[in-house]
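Asks: Got my_file.cif for you, mmCIF, C-alpha atoms:
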data_target
loop_
_atom_site.label_atom_id
_atom_site.label_comp_id
_atom_site.auth_asym_id
_atom_site.auth_seq_id
_atom_site.Cartn_x
_atom_site.Cartn_y
_atom_site.Cartn_z
CA MET A 1 -16.64 3.61 21.29
CA THR A 2 -14.65 0.92 23.03
CA ILE A 3 -12.83 -1.26 20.53
CA GLU A 4 -12.68 -4.82 21.79
CA ARG A 5 -12.24 -6.73 18.57
CA VAL A 6 -10.74 -5.80 15.20
CA GLY A 7 -11.47 -7.56 11.93
CA PHE A 8 -8.80 -7.79 9.26
CA VAL A 9 -9.52 -8.57 5.60
CA GLY A 10 -6.66 -9.41 3.23
CA LEU A 11 -3.65 -11.41 4.41
CA GLY A 12 -1.22 -10.69 1.58
CA ASN A 13 2.40 -9.58 1.97
CA MET A 14 1.42 -6.39 3.78
CA GLY A 15 -1.85 -7.46 5.35
CA ARG A 16 -0.49 -10.42 7.29
CA VAL A 17 2.13 -8.16 8.94
CA LEU A 18 -0.38 -5.43 9.77
CA ALA A 19 -2.75 -8.01 11.25
CA ALA A 20 0.15 -9.34 13.35
CA ASN A 21 0.90 -5.79 14.53
CA LEU A 22 -2.67 -5.48 15.79
CA VAL A 23 -2.36 -8.79 17.65
CA ASP A 24 0.94 -7.64 19.18
CA SER A 25 -0.75 -4.37 20.22
CA GLY A 26 -3.19 -6.31 22.35
CA PHE A 27 -6.26 -6.44 20.12
CA GLU A 28 -8.41 -9.50 19.69
CA VAL A 29 -8.23 -9.96 15.91
CA LEU A 30 -10.57 -11.79 13.57
CA SER A 31 -9.10 -12.34 10.11
CA HIS A 32 -10.41 -13.30 6.70
CA ASP A 33 -8.89 -13.90 3.26
CA LEU A 34 -10.41 -15.43 0.14
CA ALA A 35 -7.26 -17.53 -0.26
CA GLY A 36 -7.83 -19.19 3.09
CA SER A 37 -6.01 -19.25 6.42
CA GLY A 38 -2.51 -20.12 5.17
CA HIS A 39 -1.12 -16.68 6.00
CA ASN A 40 -3.08 -16.10 9.17
CA PRO A 41 -0.75 -14.58 11.80
CA PRO A 42 -0.37 -16.29 15.18
CA GLY A 43 -2.90 -15.01 17.68
CA ALA A 44 -5.55 -14.02 15.11
CA ALA A 45 -8.74 -16.05 14.80
CA PHE A 46 -9.48 -16.85 11.15
CA VAL A 47 -13.14 -16.77 10.08
CA SER A 48 -14.41 -18.19 6.80
CA THR A 49 -16.96 -15.49 5.92
CA LEU A 50 -17.19 -11.71 5.91
CA ASP A 51 -20.56 -11.93 7.64
CA GLU A 52 -18.97 -13.68 10.62
CA LEU A 53 -16.18 -11.12 10.74
CA THR A 54 -18.57 -8.15 10.49
CA ARG A 55 -20.83 -9.50 13.21
CA GLY A 56 -17.86 -9.97 15.53
CA ALA A 57 -15.59 -6.95 14.95
CA ASP A 58 -16.03 -3.34 16.09
CA VAL A 59 -13.66 -2.05 13.40
CA VAL A 60 -12.66 -3.74 10.14
CA VAL A 61 -9.25 -3.07 8.55
CA CYS A 62 -8.75 -3.90 4.87
CA SER A 63 -5.52 -4.56 2.97
CA LEU A 64 -6.64 -5.41 -0.56
CA PRO A 65 -5.16 -5.27 -4.06
CA ASP A 66 -7.49 -2.79 -5.77
CA GLY A 67 -10.64 -0.69 -5.64
CA ASP A 68 -12.91 -3.46 -6.92
CA ALA A 69 -11.92 -5.73 -4.04
CA SER A 70 -12.34 -2.93 -1.49
CA GLU A 71 -15.75 -2.03 -2.89
CA GLN A 72 -16.91 -5.64 -2.76
CA VAL A 73 -15.84 -5.97 0.86
CA ALA A 74 -17.42 -2.64 1.80
CA GLY A 75 -20.69 -3.67 0.14
CA ALA A 76 -20.70 -6.99 1.99
CA ILE A 77 -20.12 -5.21 5.30
CA ALA A 78 -22.90 -2.71 4.62
CA ARG A 79 -25.37 -5.51 3.77
CA THR A 80 -24.64 -7.70 6.82
CA ASP A 81 -27.62 -8.05 9.14
CA GLY A 82 -26.81 -7.77 12.83
CA ARG A 83 -23.38 -6.31 12.13
CA ARG A 84 -21.22 -5.07 14.98
CA THR A 85 -18.81 -3.14 12.74
CA ALA A 86 -19.10 0.64 13.14
CA SER A 87 -16.01 1.72 11.14
CA VAL A 88 -13.84 0.54 8.26
CA VAL A 89 -10.15 1.45 7.88
CA ASP A 90 -8.91 0.80 4.35
CA THR A 91 -5.12 0.60 4.03
CA SER A 92 -5.35 -0.40 0.35
CA THR A 93 -4.21 1.84 -2.50
CA ILE A 94 -7.39 2.17 -4.54
CA GLY A 95 -7.42 5.71 -5.95
CA VAL A 96 -9.42 8.83 -5.19
CA THR A 97 -12.62 7.89 -7.04
CA ALA A 98 -12.96 4.43 -5.49
CA SER A 99 -12.25 5.77 -2.02
CA ARG A 100 -14.99 8.39 -2.27
CA SER A 101 -17.43 5.86 -3.72
CA ILE A 102 -16.80 3.49 -0.80
CA ASP A 103 -17.15 6.34 1.69
CA ALA A 104 -20.58 7.18 0.25
CA LEU A 105 -21.64 3.52 0.30
CA LEU A 106 -20.62 2.98 3.92
CA SER A 107 -21.91 6.35 5.13
CA ALA A 108 -25.35 5.51 3.71
CA ALA A 109 -25.28 2.39 5.90
CA GLY A 110 -24.20 4.36 8.98
CA ILE A 111 -20.64 3.07 8.94
CA GLY A 112 -17.60 5.34 9.31
CA TYR A 113 -14.83 5.14 6.71
CA ILE A 114 -11.15 5.99 6.98
CA ASP A 115 -9.05 6.25 3.82
CA ALA A 116 -5.66 5.08 5.17
CA PRO A 117 -3.11 3.88 2.59
CA VAL A 118 0.35 2.96 3.84
CA SER A 119 3.91 3.43 2.59
CA GLY A 120 7.18 1.88 3.67
CA GLY A 121 6.96 -1.70 2.50
CA VAL A 122 6.75 -4.95 4.39
CA ALA A 123 10.01 -4.21 6.21
CA GLY A 124 8.54 -0.92 7.41
CA ALA A 125 5.41 -2.69 8.60
CA ARG A 126 7.49 -5.16 10.62
CA ALA A 127 9.60 -2.37 12.12
CA ARG A 128 6.48 -0.26 12.80
CA THR A 129 8.02 2.58 10.78
CA LEU A 130 5.35 2.31 8.10
CA SER A 131 3.79 5.65 7.17
CA VAL A 132 0.01 5.56 7.63
CA MET A 133 -1.52 8.57 5.88
CA TYR A 134 -5.21 8.81 6.64
CA ALA A 135 -8.19 11.01 5.87
CA GLY A 136 -11.76 11.02 7.14
CA ARG A 137 -14.25 12.84 9.30
CA ALA A 138 -12.83 13.90 12.66
CA PRO A 139 -15.15 11.83 14.90
CA VAL A 140 -14.47 8.66 12.93
CA CYS A 141 -10.70 9.26 12.96
CA ALA A 142 -10.75 9.83 16.71
CA ALA A 143 -12.78 6.65 17.28
CA VAL A 144 -10.34 4.42 15.36
CA GLU A 145 -7.11 6.08 16.54
CA PRO A 146 -6.22 3.09 18.79
CA VAL A 147 -6.43 0.82 15.73
CA LEU A 148 -4.29 3.16 13.63
CA ALA A 149 -1.76 3.23 16.48
CA GLY A 150 -1.80 -0.57 16.47
CA LEU A 151 -0.82 -0.63 12.79
CA SER A 152 2.27 1.59 13.04
CA ASP A 153 4.09 4.17 15.11
CA ARG A 154 4.04 6.67 12.22
CA ARG A 155 0.65 8.16 11.44
CA ARG A 156 -0.52 11.44 9.93
CA ARG A 157 -4.04 12.66 9.34
CA VAL A 158 -3.88 14.49 6.01
CA GLY A 159 -7.45 15.72 5.63
CA GLY A 160 -11.09 15.43 6.57
CA VAL A 161 -12.41 14.01 3.31
CA ALA A 162 -11.98 10.47 2.00
CA GLY A 163 -9.75 10.39 -1.07
CA LEU A 164 -7.19 12.93 0.12
CA ALA A 165 -4.97 10.22 1.60
CA GLN A 166 -5.29 8.30 -1.68
CA ALA A 167 -4.15 11.38 -3.62
CA LEU A 168 -1.09 11.70 -1.39
CA LYS A 169 -0.30 7.98 -1.63
CA LEU A 170 -0.51 8.09 -5.43
CA ALA A 171 1.81 11.09 -5.51
CA ASN A 172 4.22 9.21 -3.23
CA ASN A 173 4.18 6.05 -5.34
CA PHE A 174 4.66 8.07 -8.51
CA LEU A 175 7.83 9.58 -7.01
CA SER A 176 8.98 6.14 -5.81
CA ALA A 177 8.41 4.68 -9.27
CA VAL A 178 10.28 7.52 -10.97
CA ALA A 179 13.22 7.26 -8.55
CA LEU A 180 13.63 3.50 -8.87
CA ALA A 181 13.26 3.43 -12.66
CA ALA A 182 15.55 6.43 -13.19
CA THR A 183 18.16 5.08 -10.76
CA SER A 184 18.07 1.70 -12.51
CA GLU A 185 18.69 3.34 -15.87
CA ALA A 186 21.45 5.58 -14.53
CA VAL A 187 23.23 2.77 -12.68
CA SER A 188 22.96 0.53 -15.74
CA PHE A 189 24.58 3.26 -17.83
CA ALA A 190 27.40 3.79 -15.30
CA VAL A 191 28.12 0.05 -15.07
CA SER A 192 28.14 -0.29 -18.87
CA ALA A 193 30.73 2.50 -18.96
CA GLY A 194 33.04 0.35 -16.79
CA LEU A 195 32.27 1.56 -13.25
CA ASP A 196 31.86 -0.80 -10.31
CA ILE A 197 28.22 -0.81 -9.13
CA GLU A 198 29.16 -0.49 -5.45
CA VAL A 199 31.31 2.55 -6.21
CA VAL A 200 28.46 4.06 -8.22
CA LEU A 201 26.01 3.68 -5.35
CA GLU A 202 28.49 4.96 -2.75
CA VAL A 203 29.03 8.15 -4.73
CA LEU A 204 25.33 8.62 -5.54
CA ASP A 205 24.48 8.31 -1.85
CA ALA A 206 26.89 11.17 -1.10
CA SER A 207 25.64 13.28 -4.01
CA SER A 208 22.51 14.90 -5.38
CA GLY A 209 21.36 11.66 -7.01
CA GLN A 210 20.58 10.11 -3.64
CA SER A 211 17.11 8.65 -3.08
CA GLN A 212 15.54 5.71 -1.30
CA ALA A 213 16.38 3.72 -4.41
CA THR A 214 20.11 4.22 -3.73
CA THR A 215 19.93 3.98 0.07
CA ASP A 216 17.54 1.02 0.38
CA LYS A 217 16.33 -0.71 -2.78
CA PHE A 218 19.71 -1.18 -4.47
CA PRO A 219 21.85 -2.20 -1.47
CA ASN A 220 19.19 -4.39 0.16
CA HIS A 221 17.62 -5.98 -2.89
CA VAL A 222 19.64 -5.46 -6.08
CA LEU A 223 23.23 -5.88 -4.81
CA SER A 224 22.17 -8.66 -2.46
CA GLY A 225 20.23 -10.42 -5.21
CA ARG A 226 17.26 -10.78 -2.84
CA TYR A 227 14.71 -8.84 -4.88
CA ALA A 228 12.23 -9.25 -2.05
CA ALA A 229 10.89 -5.81 -1.15
CA GLY A 230 7.40 -7.31 -0.95
CA PHE A 231 5.75 -5.10 -3.59
CA THR A 232 5.12 -6.28 -7.13
CA ASN A 233 5.60 -4.56 -10.47
CA THR A 234 1.95 -5.34 -11.21
CA LEU A 235 0.81 -3.31 -8.22
CA MET A 236 3.16 -0.45 -9.09
CA ALA A 237 1.79 -0.35 -12.65
CA LYS A 238 -1.73 -0.30 -11.19
CA ASP A 239 -0.87 2.58 -8.86
CA LEU A 240 0.58 4.58 -11.73
CA ARG A 241 -2.59 4.05 -13.76
CA LEU A 242 -4.57 5.35 -10.79
CA TYR A 243 -2.22 8.32 -10.54
CA LEU A 244 -2.70 9.22 -14.19
CA GLU A 245 -6.47 8.82 -13.87
CA ALA A 246 -6.47 11.22 -10.92
CA VAL A 247 -4.19 13.69 -12.72
CA GLY A 248 -6.57 13.59 -15.67
CA THR A 249 -9.37 14.97 -13.49
CA ARG A 250 -7.27 18.03 -12.58
CA PRO A 251 -6.96 20.55 -15.43
CA ASP A 252 -4.14 22.32 -13.58
CA ALA A 253 -2.02 19.15 -13.21
CA SER A 254 0.47 17.76 -15.70
CA GLY A 255 0.94 14.05 -16.36
CA ARG A 256 3.72 14.17 -18.93
CA ILE A 257 6.40 12.58 -16.74
CA GLY A 258 3.74 10.25 -15.40
CA ASP A 259 2.93 9.00 -18.90
CA VAL A 260 6.56 8.08 -19.58
CA THR A 261 7.02 6.47 -16.17
CA ALA A 262 3.81 4.48 -16.39
CA SER A 263 4.77 3.12 -19.82
CA VAL A 264 8.07 1.80 -18.43
CA TRP A 265 6.36 0.02 -15.55
CA GLU A 266 3.59 -1.34 -17.79
CA ARG A 267 6.23 -2.90 -20.08
CA PHE A 268 7.99 -4.42 -17.06
CA ALA A 269 4.73 -5.78 -15.60
CA GLU A 270 3.73 -7.27 -18.96
CA ALA A 271 7.15 -8.92 -19.41
CA GLU A 272 7.43 -10.29 -15.85
CA PRO A 273 3.99 -10.15 -14.20
CA GLY A 274 4.09 -10.31 -10.41
CA ALA A 275 7.86 -9.79 -10.13
CA ASP A 276 9.22 -7.85 -7.17
CA PHE A 277 9.37 -4.22 -8.23
CA THR A 278 13.10 -4.00 -7.47
CA ARG A 279 13.70 -6.32 -10.44
CA ILE A 280 13.20 -3.32 -12.67
CA TYR A 281 16.98 -2.91 -12.58
CA PRO A 282 17.83 -6.15 -14.43
CA PHE A 283 14.81 -5.59 -16.67
CA LEU A 284 16.00 -2.15 -17.78
CA ALA A 285 19.63 -3.25 -17.89
CA SER A 286 18.74 -5.99 -20.38
CA THR A 287 16.44 -3.98 -22.66
#
Could you spell out this file's structure in structure tokens?

Replies:
Amino acid sequence: MTIERVGFVGLGNMGRVLAANLVDSGFEVLSHDLAGSGHNPPGAAFVSTLDELTRGADVVVCSLPDGDASEQVAGAIARTDGRRTASVVDTSTIGVTASRSIDALLSAAGIGYIDAPVSGGVAGARARTLSVMYAGRAPVCAAVEPVLAGLSDRRRRVGGVAGLAQALKLANNFLSAVALAATSEAVSFAVSAGLDIEVVLEVLDASSGQSQATTDKFPNHVLSGRYAAGFTNTLMAKDLRLYLEAVGTRPDASGRIGDVTASVWERFAEAEPGADFTRIYPFLAST
């Protein structure tokens, strides 16, 4: 299949950058967002309906907040008469169950589906260092490889069944959530004991407590006061709920640490809904 035109649905913090990456990679891009064209990247042609996008694009890429939104878009694509779209690449984090449900829905309509969540934040998307972990049937993956390459320079097929990439993304976000929350608590303790925060981070980075929280989140967002990693506490709390739901379907998996971690992020999201997730440091430091 020759891919001449790519559709992009969802122009949020991540989506607008990924759509721009596709434009920069030479694709003709049609874009759509329920909020309108305010975040449409230069070079993309905004369309007002999903029908118009589906009739014009060979492949549709989604970057949406949750499984309900992804399922609604997939259903609309499947129902479009005269559609041109042959494949859907979903970069959203929606969980294993939703991903497999969407795969079944699209497959029944003769449309290929790639489960392709991403990790690395908005900065990673801009730098093309974003990790795209994807799963799907081999022929569909091969057909959309040029689009995946347009999204980022870092890609890894992790399995042949939809949902496997979601499982890996949830595991990744669980570890990210644990590291940032635990680092925030530890740094808060060290500062309360009288240590300088920059000294604390310098030593942690040279010791066994090092993580992306100490090498990236704290220096670039907490110390700088920017708090602009581009990912909200609300989305992190959602991802942890999805993680615990998936763990609950596996009798050989434990969710004990997940329960504690999820409760911390739920409290943060309830107290400051929509805050950048790096603000968990002042939240924990003040509670």

Asks: List every residue of segment 81-137 of chain A that has an atom at most 8 Å from any atom of segment 233-240 of chain A, and for each one report the closest atom pair and its distance in Å to one decimal, counting only C-alpha atoms, with rows sorted by chain and then by increasing residue number, as JSON lines.

Replies:
{"residue": "A:Thr93", "atom": "CA", "partner": "A:Asp239", "partner_atom": "CA", "distance": 7.2}
{"residue": "A:Ile94", "atom": "CA", "partner": "A:Asp239", "partner_atom": "CA", "distance": 7.8}
{"residue": "A:Gly95", "atom": "CA", "partner": "A:Asp239", "partner_atom": "CA", "distance": 7.8}

Asks: Using the chain letters and numbers from the file, give me the residues hit by the PyMOL selection byres ((chain A and resi 67) around 9), as a list of chain:residue names.

Replies: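 Residues picked by the PyMOL selection byres ((chain A and resi 67) around 9): A:Leu64, A:Pro65, A:Asp66, A:Asp68, A:Ala69, A:Ser70, A:Glu71, A:Gln72, A:Ser92, A:Thr93, A:Ile94, A:Gly95, A:Thr97, A:Ala98, A:Ser99, A:Ile102.
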
Asks: Translate the PyMOL selection byres ((chain A and resi 173) around 9), as applied to the file shown, into an explicit residue set as a ChimeraX atom specification.

Replies: /A:119,168-172,174-178,236,239-240,243

Asks: Between A:His32, A:His221, A:Arg55, A:His39, which is the closest to Arg5 of chain A once you count all atoms listed in the file?

Replies: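 Comparing A:His32, A:His221, A:Arg55, A:His39 against Arg5 of chain A, the winner is A:Arg55.
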
Asks: Skip Asp103 of chain A itself and residues of its chain fewer than 5 positions away, then list as a ChimeraX atom specification all residues within 10 Å of it, counting all atoms listed in the file.

Replies: /A:71,74,88,97-98,108-109,111-115,136,161-163

Asks: Interatomic distance between atom CA of Val199 of chain A and atom CA of Asp276 of chain A?

Replies: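 Atom-to-atom, atom CA of Val199 of chain A and atom CA of Asp276 of chain A are spaced 24.4 Å apart.
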
Asks: Expand the PyMOL selection byres ((chain A and resi 133) around 10) into the explicit residue set it covers here, and present it as a list in words.

Replies: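 When the PyMOL selection byres ((chain A and resi 133) around 10) is applied to the shown file, the picked residues are Thr91, Asp115, Ala116, Pro117, Val118, Ser119, Leu130, Ser131, Val132, Tyr134, Ala135, Leu148, Arg154, Arg155, Arg156, Arg157, Val158, Gly159, Leu164, Ala165, Gln166, Leu168 and Lys169 of chain A.
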
Asks: In terms of the shortest atom-to-atom distance over all atoms listed in the file, which of A:Gly110, A:Pro41, A:Gly258, A:Gly121 is closest to Val140 of chain A?

Replies: A:Gly110

Asks: Give the answer as one residue: which of A:Leu106, A:Gly255, A:Thr249, A:Leu34 has the shortest atom-to-atom distance to Gly12 of chain A, using all atoms listed in the file?

Replies: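 Under the stated criterion, the closest residue is A:Leu34.
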
Asks: Give as a ChimeraX atom specification every residue, naming chains and numbers as the document does, that has an atom within 10 Å of (-3.0, -5.6, 6.2), counting all atoms listed in the file.

Replies: /A:8-22,31,61-64,90-92,118,122,125,151

Asks: So the first atom is atom CA of Ala78 of chain A and the second is atom CA of Thr54 of chain A; what is the distance between them in Å, to one decimal place?

Replies: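 These atoms are spaced 9.1 Å apart.
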
Asks: So, with only C-alpha atoms as the atoms that count, which of A:Val203, A:Leu105, A:Ala285, A:Val59 lies closest to Glu145 of chain A?

Replies: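 Among the listed residues, A:Val59 lies closest to Glu145 of chain A.
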
Asks: Using all atoms listed in the file, which of A:Cys141, A:Ala206, A:Ala76, A:Ile197 sits nearest Pro219 of chain A?

Replies: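 Comparing A:Cys141, A:Ala206, A:Ala76, A:Ile197 against Pro219 of chain A, the winner is A:Ile197.
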
Asks: Work out how far atom CA of Val200 of chain A is from atom CA of Ala228 of chain A, in Å to one decimal.

Replies: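 That distance, rounded to one decimal, is 21.9 Å.
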
Asks: Place N, CA and C atoms on segment 55-80 of chain A and deliver the coordinates as an mmCIF file, in the frame of the given file.

Replies:
data_model
loop_
_atom_site.group_PDB
_atom_site.id
_atom_site.type_symbol
_atom_site.label_atom_id
_atom_site.label_comp_id
_atom_site.auth_asym_id
_atom_site.auth_seq_id
_atom_site.Cartn_x
_atom_site.Cartn_y
_atom_site.Cartn_z
ATOM 1 N N ARG A 55 -19.997 -9.367 12.009
ATOM 2 C CA ARG A 55 -20.830 -9.500 13.210
ATOM 3 C C ARG A 55 -19.991 -9.568 14.487
ATOM 4 N N GLY A 56 -18.694 -9.825 14.341
ATOM 5 C CA GLY A 56 -17.860 -9.970 15.530
ATOM 6 C C GLY A 56 -16.904 -8.836 15.804
ATOM 7 N N ALA A 57 -16.627 -7.967 14.803
ATOM 8 C CA ALA A 57 -15.590 -6.950 14.950
ATOM 9 C C ALA A 57 -16.170 -5.544 15.048
ATOM 10 N N ASP A 58 -15.614 -4.741 15.946
ATOM 11 C CA ASP A 58 -16.030 -3.340 16.090
ATOM 12 C C ASP A 58 -15.536 -2.497 14.922
ATOM 13 N N VAL A 59 -14.301 -2.765 14.515
ATOM 14 C CA VAL A 59 -13.660 -2.050 13.400
ATOM 15 C C VAL A 59 -13.101 -3.091 12.447
ATOM 16 N N VAL A 60 -13.245 -2.850 11.140
ATOM 17 C CA VAL A 60 -12.660 -3.740 10.140
ATOM 18 C C VAL A 60 -11.562 -2.991 9.397
ATOM 19 N N VAL A 61 -10.383 -3.614 9.302
ATOM 20 C CA VAL A 61 -9.250 -3.070 8.550
ATOM 21 C C VAL A 61 -9.098 -3.896 7.276
ATOM 22 N N CYS A 62 -8.912 -3.213 6.151
ATOM 23 C CA CYS A 62 -8.750 -3.900 4.870
ATOM 24 C C CYS A 62 -7.353 -3.655 4.299
ATOM 25 N N SER A 63 -6.780 -4.680 3.702
ATOM 26 C CA SER A 63 -5.520 -4.560 2.970
ATOM 27 C C SER A 63 -5.694 -5.383 1.691
ATOM 28 N N LEU A 64 -6.177 -4.720 0.641
ATOM 29 C CA LEU A 64 -6.640 -5.410 -0.560
ATOM 30 C C LEU A 64 -5.946 -4.876 -1.811
ATOM 31 N N PRO A 65 -5.974 -5.634 -2.903
ATOM 32 C CA PRO A 65 -5.160 -5.270 -4.060
ATOM 33 C C PRO A 65 -5.667 -4.111 -4.905
ATOM 34 N N ASP A 66 -6.993 -3.847 -4.893
ATOM 35 C CA ASP A 66 -7.490 -2.790 -5.770
ATOM 36 C C ASP A 66 -8.866 -2.312 -5.304
ATOM 37 N N GLY A 67 -9.378 -1.302 -6.011
ATOM 38 C CA GLY A 67 -10.640 -0.690 -5.640
ATOM 39 C C GLY A 67 -11.823 -1.629 -5.762
ATOM 40 N N ASP A 68 -11.813 -2.512 -6.761
ATOM 41 C CA ASP A 68 -12.910 -3.460 -6.920
ATOM 42 C C ASP A 68 -13.030 -4.365 -5.698
ATOM 43 N N ALA A 69 -11.899 -4.857 -5.221
ATOM 44 C CA ALA A 69 -11.920 -5.730 -4.040
ATOM 45 C C ALA A 69 -12.401 -4.965 -2.814
ATOM 46 N N SER A 70 -11.913 -3.730 -2.634
ATOM 47 C CA SER A 70 -12.340 -2.930 -1.490
ATOM 48 C C SER A 70 -13.833 -2.629 -1.545
ATOM 49 N N GLU A 71 -14.337 -2.340 -2.752
ATOM 50 C CA GLU A 71 -15.750 -2.030 -2.890
ATOM 51 C C GLU A 71 -16.618 -3.250 -2.611
ATOM 52 N N GLN A 72 -16.156 -4.419 -3.033
ATOM 53 C CA GLN A 72 -16.910 -5.640 -2.760
ATOM 54 C C GLN A 72 -16.989 -5.921 -1.276
ATOM 55 N N VAL A 73 -15.850 -5.737 -0.584
ATOM 56 C CA VAL A 73 -15.840 -5.970 0.860
ATOM 57 C C VAL A 73 -16.715 -4.946 1.578
ATOM 58 N N ALA A 74 -16.606 -3.682 1.176
ATOM 59 C CA ALA A 74 -17.420 -2.640 1.800
ATOM 60 C C ALA A 74 -18.908 -2.922 1.602
ATOM 61 N N GLY A 75 -19.289 -3.346 0.396
ATOM 62 C CA GLY A 75 -20.690 -3.670 0.140
ATOM 63 C C GLY A 75 -21.170 -4.823 0.992
ATOM 64 N N ALA A 76 -20.327 -5.840 1.152
ATOM 65 C CA ALA A 76 -20.700 -6.990 1.990
ATOM 66 C C ALA A 76 -20.875 -6.575 3.438
ATOM 67 N N ILE A 77 -19.996 -5.701 3.923
ATOM 68 C CA ILE A 77 -20.120 -5.210 5.300
ATOM 69 C C ILE A 77 -21.415 -4.435 5.481
ATOM 70 N N ALA A 78 -21.705 -3.545 4.523
ATOM 71 C CA ALA A 78 -22.900 -2.710 4.620
ATOM 72 C C ALA A 78 -24.186 -3.545 4.593
ATOM 73 N N ARG A 79 -24.153 -4.685 3.910
ATOM 74 C CA ARG A 79 -25.370 -5.510 3.770
ATOM 75 C C ARG A 79 -25.555 -6.519 4.904
ATOM 76 N N THR A 80 -24.572 -6.670 5.771
ATOM 77 C CA THR A 80 -24.640 -7.700 6.820
ATOM 78 C C THR A 80 -25.677 -7.347 7.875
#
